Amino acid sequence: MNSSSKSIARAPGAVEDPRPFSEPALALRDGALSDAESRFYRAYPWCLNVFPTVREVVHHLRRELSRLDTLEGDWQRGEVMTNVYLLSCAIADTVDDYVVGERFDFSQAAAVVPAIGPGLRAAEVALRAVQRAREGRLGHVRKWRVAWGEGLEAFLKVFVAGEPSDRGALAPATTRLTSLLGADLPAPVQGRRPRIPAAFRTQDLTHVDILALGSRFTASFPDPARPVLVIGLRTAGSYFAPLLCAWLAVQGYRDLECVTIRPLAGLSRWEGEALARSAKRGALAVIVDEPPDVGVTLARGVDVVRKAGFAAGEVVGLLPVHPARRDWAAGPESAFFSGIRILPLAPEQWHKHRLLEPEAVEARLAEYFERRQYPRIRVLAGPTAERMNLGLQQRSEEKFHTRLKRIYEVQLDHDGGRTDTRYVLAKSVGWGWLSYHAAIAGERLSGFVPPLLGLRDGILYTEWLPQDDPAEAGWDRGRWCDAVASYVAARVRRLTLESDPSAGLVRADQDKGSELLAGTLARAYGWKAAVVLKRARLRHEVTRHACPFPTLIDGKMRPEEWITGPASLLKTDFEHHGQGKFELNAADPAYDLAEAMLYGGLSESEEGWLIDRYVEKSGDAGVKERLFLNKLLAGAWATSAALMNLADG
């Protein structure tokens, strides 16, 4: 035993030979996916990476379109229809951003160095001229984008009609989309990584909620003859707007147009023309977006729409309201919303809230437990589950990335009259393919995470194992360090990404990890102007070398995230923090080790033991060289989170 392992073994409460975690018991209780779910989700290993390139998206979409005629059940068919919708909108969103091109906001530099303001204004004029010329050269891409929008609309009309068995209407639409996928899009488009629609990944929304917003609109504006321009604020608007437009068409609205804009980046010529044309015709401008935080993007969107010629009374906002931001309209941007009509969808009215009603959960769990030889189950309302849910809520940060989740007490009846009581956690993990990573990770990490029951409709069901004291559960430093090393190594072996997406995410400004790290390093220059100017270069440098073991990391390795299972320590929240709009989006397993070292308060010898154990199990011999930057990132992320919590009160 080396000195590091001896140090661990002498830690308070540690045992001389901690229980090995390399191959934990795979049969914890009776957790496993059903055969149908296992077959379905195993066909989607690519969903471990939520940042595919457009080239990969095209490949996945072509496959989904071809699968629609070969699926074995209605729920599988519904999932694939949803995936076609999501992937098609990802392509549309990315092409729109490509056509608009790069827009530079010089305001930050001008604020730091006011003397360069006149020069920056001249640069902005020249840049606009270059952008107009670029748009002219991209006319063929714009033409394809118009055709893609028409093909997507035809598919979505079938999708929202609620008749999945109507294959006669579906076939022409899928054939049309498949044909358009054969176009040779520019290489820069194919290499881009589409932005994540946070609404469908982390904010618990579904396409059903957009249709509910549509119902609110038709109730308030029932005239189907009035022109309507649906304006989606990208990124979410690229998904919401075409869906809403198709639904309104199915409802009988006859004069519809759809456009998406990114108001903080300016308009392309085509976007501006669409707004001006509809304003002249007296159309209603219907703005759709994801739940507002403080309303900055929405305010800018309303401002753009008003400047295009729409009166305040002709502007309607259809908005889901996030539970953490119910007071979003009371902020400093509220003046922009004066006179416009806002039609909200409260969190309690979201589709997933209905899916988590006890009756709905009982029906789903009956399906899962029947195959486990429990012919009858009941979801009970009682003080135990109520107390567990209260504790769950108290430990939650209640932010935009906080997922909808509930614990249920379940009574299981045997044929012989015996009764068992279990507890089940139902947690929102995404929508369509944006949720499949949870089932894949849960199945591949069996024995390292709580027992998996199933994934359906974006809700992951796992067994909840009550703990005497969750904050201290299993806090044996030696055992915990061994569990961390084995768990991180298991993710490296079982949740491998085909490539490290970091460099591509920097180009799309989606890599929070490199942004935070570059900002931290840039502060060494002292002078504010130098910090601003050096940040981009540093961001490029920290992502220049791809991780040799790209992995869907855990992203939250704190001791309180672990519980004691029947055979070993288990990692909770295993599917949540690896990738997403509000996550670091790092792909290096060294980050998980660094965060465990930080929050575990490990000594130098304990860190050495942890690294050696991880290398032994993963084969990642170069991890030590990558640890420094990841330790710096873990510390910066912890500081950032603490400051945000202070700001939130």
# chains A, B, ... in the order shown; residues from 1 in each chain; ligands from 1

call {"tool": "residues_around", "arguments": {"residues": "region 636-646 of chain A", "least_positions_apart": "5", "cutoff": "12 Å", "atoms": "only C-alpha atoms", "output": "ChimeraX atom specification"}}
result
/A:396-399,512-521,555-558,582-586,591,594-596,598-599,629-631

call {"tool": "write_last_selection", "arguments": {"atoms": "C-alpha atoms", "output": "short mmCIF file (atom, residue, chain, number, x, y, z; two decimals), in the first residue's frame"}}
result
data_model
loop_
_atom_site.label_atom_id
_atom_site.label_comp_id
_atom_site.auth_asym_id
_atom_site.auth_seq_id
_atom_site.Cartn_x
_atom_site.Cartn_y
_atom_site.Cartn_z
CA SER A 396 -32.66 22.84 -4.65
CA GLU A 397 -31.19 26.13 -5.89
CA GLU A 398 -34.48 26.97 -7.68
CA LYS A 399 -32.83 28.48 -10.76
CA LYS A 512 -19.25 28.46 -20.63
CA GLY A 513 -16.24 26.60 -19.28
CA SER A 514 -13.71 28.17 -21.63
CA GLU A 515 -15.41 31.57 -21.27
CA LEU A 516 -15.14 31.44 -17.48
CA LEU A 517 -11.58 30.12 -17.55
CA ALA A 518 -10.42 32.72 -20.07
CA GLY A 519 -12.03 35.50 -18.05
CA THR A 520 -10.26 34.29 -14.91
CA LEU A 521 -6.88 34.10 -16.63
CA GLY A 555 -20.31 18.10 -13.69
CA LYS A 556 -21.36 18.11 -10.03
CA MET A 557 -19.16 15.92 -7.85
CA ARG A 558 -19.90 17.20 -4.36
CA PHE A 582 -26.53 26.67 -18.15
CA GLU A 583 -23.64 24.20 -17.71
CA LEU A 584 -19.88 24.44 -18.27
CA ASN A 585 -20.07 22.00 -21.22
CA ALA A 586 -16.62 20.63 -20.45
CA TYR A 591 -12.98 18.34 -14.30
CA ALA A 594 -10.98 18.50 -9.80
CA GLU A 595 -14.44 19.28 -8.43
CA ALA A 596 -14.36 16.22 -6.17
CA LEU A 598 -12.33 20.88 -4.21
CA TYR A 599 -15.58 19.99 -2.47
CA LEU A 629 -6.69 24.23 -15.53
CA ASN A 630 -9.60 22.07 -14.43
CA LYS A 631 -8.93 22.87 -10.78
#

call {"tool": "residues_around", "arguments": {"residues": "Leu404 (chain A)", "least_positions_apart": "4", "cutoff": "9 Å", "atoms": "only C-alpha atoms", "output": "list in words"}}
result
Gln203, Asp204, Lys352, His353, Ala426, Lys427, Ser428 and Val429 of chain A

call {"tool": "select_by_dssp", "arguments": {"residues": "region 562-594 of chain A", "states": "strand (DSSP E or B)", "output": "list in words"}}
result
Trp562, Ile563, Thr564, Leu569, Leu570 and Lys571 of chain A

call {"tool": "residues_around", "arguments": {"residues": "region 488-490 of chain A", "least_positions_apart": "6", "cutoff": "8 Å", "atoms": "only C-alpha atoms", "output": "list of chain:residue names"}}
result
A:Leu445, A:Ile553, A:Asp554, A:Pro589, A:Asp592, A:Leu593, A:Tyr614, A:Val615, A:Lys617, A:Ser618

call {"tool": "write_last_selection", "arguments": {"atoms": "C-alpha atoms", "output": "mmCIF file, in the first residue's frame"}}
result
data_model
loop_
_atom_site.group_PDB
_atom_site.id
_atom_site.type_symbol
_atom_site.label_atom_id
_atom_site.label_comp_id
_atom_site.auth_asym_id
_atom_site.auth_seq_id
_atom_site.Cartn_x
_atom_site.Cartn_y
_atom_site.Cartn_z
ATOM 1 C CA LEU A 445 -23.785 3.251 -15.237
ATOM 2 C CA ILE A 553 -18.927 14.269 -17.557
ATOM 3 C CA ASP A 554 -21.011 14.426 -14.398
ATOM 4 C CA PRO A 589 -13.147 13.905 -16.969
ATOM 5 C CA ASP A 592 -14.975 15.789 -12.313
ATOM 6 C CA LEU A 593 -11.826 14.842 -10.409
ATOM 7 C CA TYR A 614 -8.617 6.753 -11.518
ATOM 8 C CA VAL A 615 -5.704 6.193 -13.916
ATOM 9 C CA LYS A 617 -9.301 2.110 -13.868
ATOM 10 C CA SER A 618 -9.538 4.428 -16.889
#

call {"tool": "residues_around", "arguments": {"residues": "Pro172 (chain A)", "least_positions_apart": "4", "cutoff": "10 Å", "atoms": "only C-alpha atoms", "output": "list in words"}}
result
Gly151, Ala154, Phe155, Arg167, Gly168, Arg176, Leu177 and Thr178 of chain A

call {"tool": "closest_residue", "arguments": {"among": "A:Arg341, A:His351, A:Arg192, A:Arg456", "to": "Ile210 (chain A)", "atoms": "only C-alpha atoms"}}
result
A:His351

call {"tool": "residues_around", "arguments": {"residues": "Lys280 (chain A)", "least_positions_apart": "3", "cutoff": "10 Å", "atoms": "only C-alpha atoms", "output": "list in words"}}
result
Leu275, Ala276, Arg277, Ala283, Ala308, Gly309 and Phe310 of chain A

call {"tool": "residues_around", "arguments": {"residues": "region 180-185 of chain A", "least_positions_apart": "6", "cutoff": "9 Å", "atoms": "only C-alpha atoms", "output": "MDAnalysis selection string"}}
result
chainID A and resid 58:59 61:62 141 144 147:148 151

call {"tool": "atom_distance", "arguments": {"atom1": "CA of Gly454 (chain A)", "atom2": "CA of Trp46 (chain A)"}}
result
19.0 Å

call {"tool": "closest_residue", "arguments": {"among": "A:Lys528, A:Arg364, A:Arg537, A:Arg613", "to": "Gly478 (chain A)", "atoms": "only C-alpha atoms"}}
result
A:Arg613

call {"tool": "residues_around", "arguments": {"residues": "region 312-317 of chain A", "least_positions_apart": "3", "cutoff": "12 Å", "atoms": "only C-alpha atoms", "output": "JSON, numbers by chain"}}
result
{"A": [213, 214, 216, 217, 218, 220, 221, 226, 227, 228, 229, 230, 231, 232, 233, 237, 241, 275, 278, 279, 280, 281, 282, 283, 284, 285, 286, 287, 288, 289, 290, 291, 292, 295, 298, 299, 301, 302, 303, 304, 305, 306, 307, 308, 309, 320, 321, 329, 335, 336, 337, 338, 339, 340, 341, 342, 343, 344, 345]}

call {"tool": "closest_residue", "arguments": {"among": "A:Val100, A:Val189, A:Val410, A:Cys245", "to": "Ala381 (chain A)", "atoms": "only C-alpha atoms"}}
result
A:Val410

call {"tool": "select_by_dssp", "arguments": {"residues": "region 487-632 of chain A", "states": "helix (DSSP H, G or I)", "output": "count of residues only"}}
result
83

call {"tool": "atom_distance", "arguments": {"atom1": "CA of Pro194 (chain A)", "atom2": "CA of Ala508 (chain A)"}}
result
8.0 Å

call {"tool": "closest_residue", "arguments": {"among": "A:Ala129, A:Ala385, A:Leu244, A:Ala485", "to": "Leu256 (chain A)", "atoms": "only C-alpha atoms"}}
result
A:Leu244

call {"tool": "atom_distance", "arguments": {"atom1": "CA of Leu392 (chain A)", "atom2": "CA of Tyr423 (chain A)"}}
result
13.4 Å

call {"tool": "closest_residue", "arguments": {"among": "A:Thr496, A:Thr543, A:Thr572, A:Ser603", "to": "Arg626 (chain A)", "atoms": "only C-alpha atoms"}}
result
A:Thr543

call {"tool": "decode", "arguments": {"residues": "region 602-623 of chain A", "atoms": "N, CA and C atoms", "output": "short mmCIF file (atom, residue, chain, number, x, y, z; two decimals), in the first residue's frame"}}
result
data_model
loop_
_atom_site.label_atom_id
_atom_site.label_comp_id
_atom_site.auth_asym_id
_atom_site.auth_seq_id
_atom_site.Cartn_x
_atom_site.Cartn_y
_atom_site.Cartn_z
N LEU A 602 -9.80 17.46 -0.21
CA LEU A 602 -8.78 16.41 -0.14
C LEU A 602 -7.39 16.99 0.11
N SER A 603 -6.61 16.26 0.87
CA SER A 603 -5.22 16.62 1.09
C SER A 603 -4.41 16.24 -0.15
N GLU A 604 -3.15 16.67 -0.17
CA GLU A 604 -2.30 16.37 -1.33
C GLU A 604 -2.14 14.86 -1.51
N SER A 605 -1.96 14.14 -0.40
CA SER A 605 -1.79 12.69 -0.51
C SER A 605 -3.08 12.02 -0.96
N GLU A 606 -4.22 12.53 -0.48
CA GLU A 606 -5.50 11.97 -0.90
C GLU A 606 -5.74 12.22 -2.38
N GLU A 607 -5.37 13.41 -2.86
CA GLU A 607 -5.50 13.69 -4.29
C GLU A 607 -4.65 12.73 -5.10
N GLY A 608 -3.43 12.48 -4.63
CA GLY A 608 -2.55 11.56 -5.34
C GLY A 608 -3.14 10.16 -5.41
N TRP A 609 -3.72 9.71 -4.30
CA TRP A 609 -4.35 8.38 -4.28
C TRP A 609 -5.52 8.33 -5.26
N LEU A 610 -6.35 9.39 -5.26
CA LEU A 610 -7.51 9.45 -6.14
C LEU A 610 -7.08 9.40 -7.61
N ILE A 611 -6.05 10.16 -7.95
CA ILE A 611 -5.57 10.19 -9.34
C ILE A 611 -5.05 8.82 -9.74
N ASP A 612 -4.22 8.21 -8.89
CA ASP A 612 -3.67 6.90 -9.21
C ASP A 612 -4.77 5.87 -9.42
N ARG A 613 -5.76 5.91 -8.54
CA ARG A 613 -6.87 4.95 -8.65
C ARG A 613 -7.65 5.17 -9.94
N TYR A 614 -7.90 6.43 -10.28
CA TYR A 614 -8.62 6.75 -11.52
C TYR A 614 -7.83 6.30 -12.74
N VAL A 615 -6.53 6.58 -12.77
CA VAL A 615 -5.70 6.19 -13.92
C VAL A 615 -5.70 4.68 -14.07
N GLU A 616 -5.61 3.97 -12.97
CA GLU A 616 -5.63 2.51 -12.99
C GLU A 616 -6.90 1.98 -13.65
N LYS A 617 -8.03 2.61 -13.38
CA LYS A 617 -9.30 2.11 -13.87
C LYS A 617 -9.68 2.65 -15.24
N SER A 618 -9.13 3.80 -15.63
CA SER A 618 -9.54 4.43 -16.89
C SER A 618 -8.50 4.35 -18.00
N GLY A 619 -7.23 4.23 -17.63
CA GLY A 619 -6.17 4.27 -18.64
C GLY A 619 -5.80 5.68 -19.06
N ASP A 620 -6.36 6.69 -18.40
CA ASP A 620 -6.12 8.09 -18.74
C ASP A 620 -4.85 8.56 -18.03
N ALA A 621 -3.68 8.16 -18.57
CA ALA A 621 -2.42 8.42 -17.89
C ALA A 621 -2.02 9.89 -17.89
N GLY A 622 -2.56 10.68 -18.81
CA GLY A 622 -2.17 12.08 -18.90
C GLY A 622 -3.04 13.03 -18.11
N VAL A 623 -3.87 12.51 -17.24
CA VAL A 623 -4.83 13.38 -16.55
C VAL A 623 -4.14 14.41 -15.65
#
